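Okay, coords.cif is below, mmCIF, C-alpha atoms:
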data_final
#
loop_
_atom_site.group_PDB
_atom_site.id
_atom_site.type_symbol
_atom_site.label_atom_id
_atom_site.label_comp_id
_atom_site.auth_asym_id
_atom_site.auth_seq_id
_atom_site.Cartn_x
_atom_site.Cartn_y
_atom_site.Cartn_z
ATOM 1 C CA MET A 1070 -63.175 -30.906 -24.375
ATOM 2 C CA THR A 1071 -65.807 -30.889 -21.603
ATOM 3 C CA GLN A 1072 -68.805 -33.213 -21.934
ATOM 4 C CA ASP A 1073 -72.336 -31.791 -21.666
ATOM 5 C CA ARG A 1074 -73.908 -32.013 -18.191
ATOM 6 C CA PRO A 1075 -77.341 -30.396 -18.720
ATOM 7 C CA PHE A 1076 -78.536 -30.346 -15.090
ATOM 8 C CA LEU A 1077 -75.379 -28.612 -13.895
ATOM 9 C CA GLY A 1078 -75.656 -26.148 -16.772
ATOM 10 C CA ILE A 1079 -79.269 -25.368 -15.822
ATOM 11 C CA MET A 1080 -78.384 -24.775 -12.159
ATOM 12 C CA LEU A 1081 -75.547 -22.450 -13.130
ATOM 13 C CA MET A 1082 -77.862 -20.478 -15.419
ATOM 14 C CA LEU A 1083 -80.371 -20.233 -12.560
ATOM 15 C CA GLY A 1084 -77.681 -18.590 -10.450
ATOM 16 C CA PHE A 1085 -77.064 -16.108 -13.253
ATOM 17 C CA CYS A 1086 -80.782 -15.258 -13.445
ATOM 18 C CA VAL A 1087 -80.938 -14.600 -9.690
ATOM 19 C CA LEU A 1088 -77.831 -12.399 -9.528
ATOM 20 C CA ILE A 1089 -77.854 -10.360 -12.737
ATOM 21 C CA PRO A 1090 -80.989 -8.284 -11.946
ATOM 22 C CA ALA A 1091 -79.262 -7.079 -8.758
ATOM 23 C CA SER A 1092 -76.227 -5.998 -10.777
ATOM 24 C CA ASP A 1093 -78.485 -4.268 -13.307
ATOM 25 C CA ALA A 1094 -80.328 -2.459 -10.511
ATOM 26 C CA ILE A 1095 -77.034 -1.016 -9.252
ATOM 27 C CA GLY A 1096 -76.190 -0.011 -12.816
ATOM 28 C CA LYS A 1097 -79.545 1.792 -13.006
ATOM 29 C CA ILE A 1098 -78.755 3.702 -9.796
ATOM 30 C CA LEU A 1099 -75.289 4.699 -11.005
ATOM 31 C CA GLY A 1100 -76.510 5.530 -14.512
ATOM 32 C CA ALA A 1101 -78.754 8.268 -13.158
ATOM 33 C CA THR A 1102 -75.723 10.452 -12.371
ATOM 34 C CA LEU A 1103 -72.612 8.964 -14.007
ATOM 35 C CA PRO A 1104 -71.491 8.486 -17.643
ATOM 36 C CA ILE A 1105 -72.593 5.150 -19.076
ATOM 37 C CA ALA A 1106 -69.188 4.308 -20.593
ATOM 38 C CA LEU A 1107 -67.540 4.890 -17.202
ATOM 39 C CA ILE A 1108 -69.941 2.403 -15.567
ATOM 40 C CA VAL A 1109 -69.140 -0.171 -18.251
ATOM 41 C CA PHE A 1110 -65.396 0.460 -17.816
ATOM 42 C CA TYR A 1111 -65.479 -0.136 -14.061
ATOM 43 C CA ARG A 1112 -67.719 -3.153 -14.624
ATOM 44 C CA VAL A 1113 -65.254 -4.867 -16.979
ATOM 45 C CA LEU A 1114 -62.252 -3.731 -14.938
ATOM 46 C CA SER A 1115 -63.725 -5.511 -11.931
ATOM 47 C CA GLN A 1116 -63.577 -8.767 -13.891
ATOM 48 C CA VAL A 1117 -59.853 -8.330 -14.383
ATOM 49 C CA VAL A 1118 -59.212 -7.457 -10.717
ATOM 50 C CA LEU A 1119 -61.326 -10.326 -9.387
ATOM 51 C CA LEU A 1120 -60.650 -13.075 -11.907
ATOM 52 C CA GLY A 1121 -57.132 -12.341 -13.186
ATOM 53 C CA PRO A 1122 -55.366 -13.477 -9.988
ATOM 54 C CA LEU A 1123 -57.795 -16.389 -9.585
ATOM 55 C CA SER A 1124 -57.108 -17.584 -13.118
ATOM 56 C CA ALA A 1125 -53.341 -17.283 -12.615
ATOM 57 C CA ALA A 1126 -53.540 -19.191 -9.313
ATOM 58 C CA THR A 1127 -55.505 -22.033 -10.889
ATOM 59 C CA GLY A 1128 -53.287 -22.323 -13.932
ATOM 60 C CA GLY A 1129 -55.657 -20.711 -16.400
ATOM 61 C CA LYS A 1130 -54.195 -19.336 -19.625
ATOM 62 C CA LEU A 1131 -54.973 -15.630 -19.931
ATOM 63 C CA ILE A 1132 -53.646 -15.499 -23.511
ATOM 64 C CA PRO A 1133 -56.072 -17.450 -25.721
ATOM 65 C CA ALA A 1134 -54.917 -19.932 -28.305
ATOM 66 C CA PRO A 1135 -54.530 -18.371 -31.780
ATOM 67 C CA GLU A 1136 -57.780 -19.888 -33.049
ATOM 68 C CA HIS A 1137 -59.701 -18.348 -30.117
ATOM 69 C CA ARG A 1138 -58.287 -14.830 -30.183
ATOM 70 C CA GLY A 1139 -60.701 -13.510 -32.790
ATOM 71 C CA PRO A 1140 -63.814 -14.895 -31.048
ATOM 72 C CA VAL A 1141 -62.627 -13.648 -27.629
ATOM 73 C CA LEU A 1142 -62.052 -10.154 -29.032
ATOM 74 C CA LEU A 1143 -65.468 -10.208 -30.724
ATOM 75 C CA ARG A 1144 -67.032 -11.411 -27.465
ATOM 76 C CA SER A 1145 -65.489 -8.457 -25.619
ATOM 77 C CA VAL A 1146 -66.804 -5.947 -28.162
ATOM 78 C CA LEU A 1147 -70.293 -7.471 -28.039
ATOM 79 C CA TYR A 1148 -70.178 -7.376 -24.237
ATOM 80 C CA ILE A 1149 -69.262 -3.678 -24.173
ATOM 81 C CA GLY A 1150 -72.103 -2.848 -26.551
ATOM 82 C CA GLY A 1151 -74.631 -5.060 -24.803
ATOM 83 C CA ILE A 1152 -74.150 -3.880 -21.236
ATOM 84 C CA GLY A 1153 -73.652 -0.285 -22.369
ATOM 85 C CA MET A 1154 -77.020 -0.317 -24.145
ATOM 86 C CA MET A 1155 -78.625 -2.002 -21.131
ATOM 87 C CA TYR A 1156 -77.360 0.580 -18.646
ATOM 88 C CA LEU A 1157 -78.492 3.363 -20.974
ATOM 89 C CA ALA A 1158 -81.935 1.754 -21.315
ATOM 90 C CA LEU A 1159 -82.209 1.463 -17.531
ATOM 91 C CA ARG A 1160 -81.735 5.221 -17.242
ATOM 92 C CA TYR A 1161 -85.173 5.581 -18.869
ATOM 93 C CA LEU A 1162 -87.065 2.317 -18.295
ATOM 94 C CA PRO A 1163 -88.191 0.296 -15.274
ATOM 95 C CA LEU A 1164 -85.913 -2.677 -14.639
ATOM 96 C CA ALA A 1165 -88.543 -5.341 -15.384
ATOM 97 C CA ASP A 1166 -89.650 -3.640 -18.630
ATOM 98 C CA ALA A 1167 -86.077 -3.359 -19.935
ATOM 99 C CA VAL A 1168 -85.337 -7.005 -19.127
ATOM 100 C CA ALA A 1169 -88.632 -8.185 -20.641
ATOM 101 C CA ILE A 1170 -88.052 -6.296 -23.909
ATOM 102 C CA ALA A 1171 -84.551 -7.765 -24.129
ATOM 103 C CA PHE A 1172 -86.109 -11.227 -23.934
ATOM 104 C CA VAL A 1173 -86.759 -11.226 -27.621
ATOM 105 C CA MET A 1174 -83.205 -12.651 -27.439
ATOM 106 C CA PRO A 1175 -84.141 -16.377 -27.421
ATOM 107 C CA PHE A 1176 -86.142 -15.895 -30.626
ATOM 108 C CA ILE A 1177 -83.219 -14.086 -32.237
ATOM 109 C CA MET A 1178 -80.938 -16.928 -31.149
ATOM 110 C CA LEU A 1179 -83.279 -19.459 -32.736
ATOM 111 C CA LEU A 1180 -83.222 -17.565 -36.042
ATOM 112 C CA LEU A 1181 -79.456 -17.032 -35.891
ATOM 113 C CA GLY A 1182 -79.022 -20.760 -35.290
ATOM 114 C CA HIS A 1183 -81.075 -21.393 -38.427
ATOM 115 C CA TRP A 1184 -79.257 -18.840 -40.591
ATOM 116 C CA PHE A 1185 -75.677 -19.428 -39.471
ATOM 117 C CA LEU A 1186 -75.620 -22.971 -38.081
ATOM 118 C CA GLY A 1187 -78.162 -24.592 -40.365
ATOM 119 C CA GLU A 1188 -80.431 -25.632 -37.484
ATOM 120 C CA GLU A 1189 -83.987 -26.577 -38.456
ATOM 121 C CA VAL A 1190 -86.751 -24.096 -37.596
ATOM 122 C CA GLY A 1191 -90.202 -25.503 -38.397
ATOM 123 C CA ALA A 1192 -93.412 -23.598 -38.996
ATOM 124 C CA ARG A 1193 -94.555 -23.926 -35.370
ATOM 125 C CA ARG A 1194 -91.287 -22.637 -33.964
ATOM 126 C CA LEU A 1195 -91.331 -19.787 -36.470
ATOM 127 C CA GLY A 1196 -94.911 -19.003 -35.431
ATOM 128 C CA ALA A 1197 -93.847 -18.954 -31.779
ATOM 129 C CA CYS A 1198 -91.085 -16.494 -32.703
ATOM 130 C CA VAL A 1199 -93.686 -14.197 -34.271
ATOM 131 C CA VAL A 1200 -95.956 -14.453 -31.209
ATOM 132 C CA GLY A 1201 -93.030 -13.808 -28.882
ATOM 133 C CA PHE A 1202 -92.055 -10.731 -30.848
ATOM 134 C CA ILE A 1203 -95.647 -9.475 -30.643
ATOM 135 C CA GLY A 1204 -95.435 -9.935 -26.868
ATOM 136 C CA THR A 1205 -92.248 -7.901 -26.854
ATOM 137 C CA LEU A 1206 -93.987 -5.135 -28.806
ATOM 138 C CA LEU A 1207 -96.735 -5.084 -26.168
ATOM 139 C CA VAL A 1208 -94.056 -4.332 -23.572
ATOM 140 C CA VAL A 1209 -92.355 -1.781 -25.827
ATOM 141 C CA GLN A 1210 -95.533 0.141 -26.679
ATOM 142 C CA PRO A 1211 -96.286 1.771 -23.308
ATOM 143 C CA SER A 1212 -92.579 2.339 -22.694
ATOM 144 C CA PHE A 1213 -92.166 3.941 -26.118
ATOM 145 C CA ALA A 1214 -95.161 6.167 -25.463
ATOM 146 C CA ALA A 1215 -93.592 7.260 -22.189
ATOM 147 C CA VAL A 1216 -89.917 7.734 -23.091
ATOM 148 C CA GLY A 1217 -89.617 7.473 -26.891
ATOM 149 C CA TRP A 1218 -86.653 5.842 -28.675
ATOM 150 C CA PRO A 1219 -84.833 4.627 -25.524
ATOM 151 C CA ALA A 1220 -87.562 1.985 -25.236
ATOM 152 C CA LEU A 1221 -85.971 0.337 -28.290
ATOM 153 C CA LEU A 1222 -82.527 0.032 -26.695
ATOM 154 C CA PRO A 1223 -83.265 -3.384 -25.095
ATOM 155 C CA LEU A 1224 -83.917 -4.731 -28.610
ATOM 156 C CA GLY A 1225 -80.335 -3.783 -29.449
ATOM 157 C CA VAL A 1226 -79.253 -5.493 -26.231
ATOM 158 C CA ALA A 1227 -81.067 -8.644 -27.375
ATOM 159 C CA VAL A 1228 -79.286 -8.701 -30.739
ATOM 160 C CA LEU A 1229 -75.835 -8.122 -29.241
ATOM 161 C CA PHE A 1230 -76.251 -10.668 -26.435
ATOM 162 C CA SER A 1231 -77.658 -13.261 -28.853
ATOM 163 C CA LEU A 1232 -74.415 -12.988 -30.805
ATOM 164 C CA PHE A 1233 -72.480 -12.921 -27.507
ATOM 165 C CA MET A 1234 -74.097 -16.191 -26.399
ATOM 166 C CA LEU A 1235 -73.383 -17.909 -29.714
ATOM 167 C CA VAL A 1236 -69.744 -16.826 -29.637
ATOM 168 C CA THR A 1237 -69.425 -17.909 -25.997
ATOM 169 C CA ARG A 1238 -70.913 -21.305 -26.753
ATOM 170 C CA SER A 1239 -68.449 -21.787 -29.623
ATOM 171 C CA ILE A 1240 -65.405 -21.409 -27.344
ATOM 172 C CA ALA A 1241 -66.667 -22.205 -23.823
ATOM 173 C CA LYS A 1242 -65.899 -25.940 -24.048
ATOM 174 C CA ASP A 1243 -62.259 -25.316 -24.949
ATOM 175 C CA MET A 1244 -61.403 -22.425 -22.601
ATOM 176 C CA ASP A 1245 -61.303 -22.156 -18.838
ATOM 177 C CA PRO A 1246 -64.334 -20.013 -17.840
ATOM 178 C CA VAL A 1247 -62.368 -17.950 -15.304
ATOM 179 C CA ALA A 1248 -59.608 -17.220 -17.811
ATOM 180 C CA LEU A 1249 -62.189 -16.429 -20.504
ATOM 181 C CA GLN A 1250 -63.969 -13.883 -18.288
ATOM 182 C CA ALA A 1251 -60.692 -12.328 -17.109
ATOM 183 C CA THR A 1252 -59.332 -12.055 -20.646
ATOM 184 C CA SER A 1253 -62.607 -10.639 -21.980
ATOM 185 C CA GLY A 1254 -62.644 -8.056 -19.193
ATOM 186 C CA ALA A 1255 -59.041 -7.051 -19.907
ATOM 187 C CA LEU A 1256 -59.689 -6.661 -23.626
ATOM 188 C CA ALA A 1257 -62.852 -4.648 -22.965
ATOM 189 C CA ALA A 1258 -60.979 -2.350 -20.549
ATOM 190 C CA ILE A 1259 -58.171 -1.862 -23.082
ATOM 191 C CA ILE A 1260 -60.728 -0.948 -25.751
ATOM 192 C CA LEU A 1261 -62.644 1.440 -23.475
ATOM 193 C CA LEU A 1262 -59.685 3.277 -21.907
ATOM 194 C CA PRO A 1263 -58.658 5.337 -24.984
ATOM 195 C CA VAL A 1264 -62.310 5.937 -25.848
ATOM 196 C CA LEU A 1265 -62.918 7.384 -22.370
ATOM 197 C CA LEU A 1266 -59.783 9.519 -22.574
ATOM 198 C CA LEU A 1267 -60.908 10.891 -25.925
ATOM 199 C CA GLY A 1268 -64.434 11.494 -24.652
ATOM 200 C CA THR A 1269 -63.095 13.317 -21.598
ATOM 201 C CA ALA A 1270 -60.937 15.563 -23.788
ATOM 202 C CA LEU A 1271 -63.862 16.340 -26.090
ATOM 203 C CA GLY A 1272 -66.445 16.716 -23.332
ATOM 204 C CA TRP A 1273 -68.744 13.895 -24.425
ATOM 205 C CA THR A 1274 -71.582 13.512 -21.916
ATOM 206 C CA ASP A 1275 -71.753 9.742 -21.532
ATOM 207 C CA ILE A 1276 -68.239 8.782 -22.658
ATOM 208 C CA ARG A 1277 -65.818 10.366 -20.193
ATOM 209 C CA PHE A 1278 -64.152 9.961 -16.838
ATOM 210 C CA ALA A 1279 -65.872 11.500 -13.807
ATOM 211 C CA ALA A 1280 -65.228 11.681 -10.074
ATOM 212 C CA VAL A 1281 -67.202 9.289 -7.871
ATOM 213 C CA ASN A 1282 -68.153 9.715 -4.230
ATOM 214 C CA SER A 1283 -67.751 7.070 -1.527
ATOM 215 C CA THR A 1284 -71.282 5.694 -1.963
ATOM 216 C CA GLU A 1285 -70.821 5.337 -5.718
ATOM 217 C CA PHE A 1286 -67.433 3.668 -5.156
ATOM 218 C CA TRP A 1287 -68.961 0.948 -2.982
ATOM 219 C CA LEU A 1288 -71.838 0.510 -5.405
ATOM 220 C CA PHE A 1289 -69.227 -0.093 -8.110
ATOM 221 C CA VAL A 1290 -67.562 -2.696 -5.900
ATOM 222 C CA VAL A 1291 -70.803 -4.567 -5.224
ATOM 223 C CA MET A 1292 -71.888 -4.335 -8.868
ATOM 224 C CA GLY A 1293 -68.506 -5.644 -9.981
ATOM 225 C CA VAL A 1294 -68.562 -8.628 -7.638
ATOM 226 C CA VAL A 1295 -72.188 -9.587 -8.303
ATOM 227 C CA GLY A 1296 -71.985 -9.002 -12.051
ATOM 228 C CA THR A 1297 -68.700 -10.871 -12.399
ATOM 229 C CA VAL A 1298 -69.983 -13.888 -10.483
ATOM 230 C CA ALA A 1299 -73.227 -13.835 -12.490
ATOM 231 C CA HIS A 1300 -71.502 -13.804 -15.870
ATOM 232 C CA LEU A 1301 -69.019 -16.416 -14.703
ATOM 233 C CA LEU A 1302 -71.970 -18.681 -13.849
ATOM 234 C CA MET A 1303 -73.455 -18.002 -17.292
ATOM 235 C CA THR A 1304 -70.155 -18.852 -18.992
ATOM 236 C CA TRP A 1305 -69.891 -22.049 -16.955
ATOM 237 C CA SER A 1306 -73.471 -22.974 -17.871
ATOM 238 C CA LEU A 1307 -72.680 -22.708 -21.590
ATOM 239 C CA ARG A 1308 -69.677 -24.941 -20.988
ATOM 240 C CA TYR A 1309 -71.962 -27.732 -19.793
ATOM 241 C CA ALA A 1310 -75.202 -27.331 -21.764
ATOM 242 C CA PRO A 1311 -76.342 -26.144 -25.205
ATOM 243 C CA SER A 1312 -77.934 -22.720 -25.595
ATOM 244 C CA ALA A 1313 -81.287 -24.280 -26.536
ATOM 245 C CA THR A 1314 -81.353 -26.214 -23.246
ATOM 246 C CA LEU A 1315 -80.577 -23.126 -21.184
ATOM 247 C CA ALA A 1316 -82.995 -20.758 -22.953
ATOM 248 C CA PRO A 1317 -86.058 -21.521 -20.742
ATOM 249 C CA MET A 1318 -84.073 -20.898 -17.563
ATOM 250 C CA GLN A 1319 -83.261 -17.402 -18.750
ATOM 251 C CA TYR A 1320 -86.924 -16.442 -18.547
ATOM 252 C CA LEU A 1321 -86.642 -16.637 -14.766
ATOM 253 C CA GLU A 1322 -84.643 -13.424 -14.995
ATOM 254 C CA ILE A 1323 -87.904 -11.546 -15.699
ATOM 255 C CA PRO A 1324 -89.698 -12.346 -12.396
ATOM 256 C CA PHE A 1325 -86.469 -11.816 -10.457
ATOM 257 C CA ALA A 1326 -86.030 -8.454 -12.195
ATOM 258 C CA THR A 1327 -89.627 -7.581 -11.336
ATOM 259 C CA ILE A 1328 -89.035 -8.361 -7.666
ATOM 260 C CA VAL A 1329 -85.773 -6.382 -7.547
ATOM 261 C CA GLY A 1330 -87.350 -3.492 -9.459
ATOM 262 C CA TYR A 1331 -90.218 -3.293 -7.006
ATOM 263 C CA LEU A 1332 -88.050 -3.604 -3.886
ATOM 264 C CA VAL A 1333 -85.494 -1.007 -5.013
ATOM 265 C CA PHE A 1334 -87.454 1.397 -7.243
ATOM 266 C CA ARG A 1335 -91.106 0.561 -6.487
ATOM 267 C CA ASP A 1336 -91.595 -0.082 -10.219
ATOM 268 C CA LEU A 1337 -94.038 -2.627 -11.617
ATOM 269 C CA PRO A 1338 -94.999 -3.295 -15.266
ATOM 270 C CA ASN A 1339 -98.327 -1.755 -16.264
ATOM 271 C CA GLY A 1340 -101.226 -3.881 -17.512
ATOM 272 C CA LEU A 1341 -100.276 -3.974 -21.207
ATOM 273 C CA ALA A 1342 -96.622 -4.624 -20.441
ATOM 274 C CA ALA A 1343 -97.583 -7.423 -18.039
ATOM 275 C CA VAL A 1344 -99.668 -9.055 -20.795
ATOM 276 C CA GLY A 1345 -96.722 -8.730 -23.165
ATOM 277 C CA ILE A 1346 -94.393 -10.364 -20.631
ATOM 278 C CA VAL A 1347 -96.778 -13.324 -20.267
ATOM 279 C CA VAL A 1348 -97.094 -13.674 -24.059
ATOM 280 C CA THR A 1349 -93.317 -13.528 -24.537
ATOM 281 C CA ILE A 1350 -92.620 -16.103 -21.822
ATOM 282 C CA SER A 1351 -95.379 -18.409 -23.130
ATOM 283 C CA ALA A 1352 -94.041 -18.274 -26.677
ATOM 284 C CA GLY A 1353 -90.531 -18.981 -25.478
ATOM 285 C CA LEU A 1354 -91.617 -21.915 -23.360
ATOM 286 C CA TYR A 1355 -93.612 -23.277 -26.299
ATOM 287 C CA ILE A 1356 -90.441 -23.312 -28.381
ATOM 288 C CA ILE A 1357 -88.669 -25.216 -25.611
ATOM 289 C CA ALA A 1358 -91.543 -27.687 -25.367
ATOM 290 C CA ARG A 1359 -91.266 -28.308 -29.112
ATOM 291 C CA GLU A 1360 -87.531 -28.898 -28.706
ATOM 292 C CA ARG A 1361 -88.186 -31.433 -25.946
ATOM 293 C CA ALA A 1362 -90.949 -33.171 -27.901
ATOM 294 C CA ALA A 1363 -88.970 -33.456 -31.126
ATOM 295 C CA PRO A 1364 -88.251 -37.147 -31.721
ATOM 296 C CA ALA A 1365 -84.654 -38.253 -31.836
ATOM 297 C CA PRO A 1366 -83.430 -39.290 -35.261
ATOM 298 C CA PRO A 1367 -83.954 -43.025 -35.777
ATOM 299 C CA ALA A 1368 -80.932 -45.236 -35.470
ATOM 300 C CA GLN A 1369 -79.678 -46.640 -38.739
ATOM 301 C CA GLU A 1370 -80.362 -50.302 -39.405
ATOM 302 C CA PRO A 1371 -77.136 -52.251 -39.742
ATOM 303 C CA GLN A 1372 -76.388 -53.246 -43.305
ATOM 304 C CA ALA A 1373 -75.961 -56.864 -44.257
ATOM 305 C CA GLY A 1374 -72.504 -58.097 -43.511
ATOM 306 C CA GLN A 1375 -71.817 -55.470 -40.818
#
In structure tokens, write the structure found in this file.
Amino acid sequence: MTQDRPFLGIMLMLGFCVLIPASDAIGKILGATLPIALIVFYRVLSQVVLLGPLSAATGGKLIPAPEHRGPVLLRSVLYIGGIGMMYLALRYLPLADAVAIAFVMPFIMLLLGHWFLGEEVGARRLGACVVGFIGTLLVVQPSFAAVGWPALLPLGVAVLFSLFMLVTRSIAKDMDPVALQATSGALAAIILLPVLLLGTALGWTDIRFAAVNSTEFWLFVVMGVVGTVAHLLMTWSLRYAPSATLAPMQYLEIPFATIVGYLVFRDLPNGLAAVGIVVTISAGLYIIARERAAPAPPAQEPQAGQ
């Protein structure tokens, strides 16, 4: 089992935050003309193509141990749902707004940790969760007024990726990250292939195969490489540091997404959304500050005769 190395975990998560907005931006471009499920399929297939041979060459085990097979399968399903919802949201929302709304995720993770892992959540942390959710609603409100229900899709992304992160953390210390990503990609592709075939036969709009031109092909290649490296860095980070330690680093994804969104699409959050982003980030950082300030449990006094 790998020992925690928090600084290395933080640096790896920083790499994820820099790269993933670029992958999402390409997904937004492709999602304007291509079926969402097809984009997700090529995205997960790229993980297999890129990481399968690398895992085999480095001795990674592509078939998980029996106790990990259920979590790896669940992780793949959550990944399909999460990135599928994100690419669909990006069809309607600016990149920075979609990412900012999805950043209710750290608060969901805090509550899930309390409900499922028995972690303590005091009144101040709970209050910060409420404030952070209010900030998220400030970002949602103008987007909802503009596009309707698709503005709520990033909230679904937040729920699915919160569960994804918890599952990843539970197995990341015991599995090779490259093998984990390759296996997850293979399982996701296996799940999606019959769904796409069925959708093609039935003429479903966003769940079907479709021809791609040369530009779209190369965009798929770049998205696959960047996205695969980004999620590999995220998986590595969870191997070396707890989710609570990495949570503040994830907020850096919002300014990077804002920069990418402006450079590629000339999109910037409006005034109310910008206020909501600041409120959300502040609430999240407050939770982290409380985690850092929490005193360590006192060492037990040795008993007489010990």
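Atom CA of Ala1280 of chain A to atom CA of Pro1104 of chain A spans 10.3 Å [interatomic distance, one decimal].
When all atoms listed in the file are used to compute distances to Ile1132 of chain A, the closest of the residues A:Gly1254, A:Leu1249, A:Gly1217, A:Gly1296 turns out to be A:Leu1249.
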* Asked: Can you tell me, as a VMD selection string, which residues sit within 12 Å of (-83.4, -11.8, -13.1) in the file's frame, using only C-alpha atoms?
  -> chain A and resid 1082 to 1094 1164 to 1169 1171 to 1172 1296 1299 1318 to 1330
May I have a table of the residues of segment 1302-1331 of chain A lying at most 9 Å from segment 1221-1245 of chain A, giving each one's closest pair of atoms and their distance in Å to one decimal, counting only C-alpha atoms, ordered by chain and ascending residue number, as a tab-separated table?
residue	atom	partner	partner_atom	distance
A:Thr1304	CA	A:Ala1241	CA	6.8
A:Trp1305	CA	A:Ala1241	CA	7.6
A:Leu1307	CA	A:Arg1238	CA	5.6
A:Arg1308	CA	A:Ala1241	CA	5.0
A:Tyr1309	CA	A:Lys1242	CA	7.6
A:Ala1310	CA	A:Arg1238	CA	8.9
A:Pro1311	CA	A:Arg1238	CA	7.4
A:Ser1312	CA	A:Arg1238	CA	7.3
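Interatomic distance, atom CA of Ile1108 of chain A to atom CA of Ser1283 of chain A: 15.0 Å.
A straight line drawn from atom CA of Pro1135 of chain A to atom CA of Met1303 of chain A is 23.8 Å long.
Minimum atom-to-atom distances from A:Leu1119, A:Leu1261, A:Val1281, A:Leu1162 to Gly1293 of chain A were compared using only C-alpha atoms, and the lowest value belongs to A:Leu1119.
Proximity of A:Tyr1156, A:Val1209, A:Ala1251, A:Tyr1148 to Ser1124 of chain A, computed with only C-alpha atoms, is greatest for A:Ala1251.
Ranking A:Arg1138, A:Lys1130, A:Arg1074, A:Lys1097 by their shortest atom-to-atom distance to Pro1246 of chain A, with all atoms listed in the file included, puts A:Lys1130 first.
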Can you sort out the box for segment 1329-1337 of chain A, edges along x, y and z, all listed atoms in, 4 Å on every side, with centre and edge lengths in Å to one decimal, as lines of an AutoDock Vina configuration file?
center_x = -89.8
center_y = -2.5
center_z = -7.8
size_x = 16.5
size_y = 15.8
size_z = 15.7
* Might you pull out every residue within 12 Å of Gly1201 of chain A, with all atoms listed in the file counted and same-chain residues fewer than 3 positions away left off, and present them as an MDAnalysis selection string? => chainID A and resid 1169:1177 1179 1194:1198 1204:1208 1344:1356
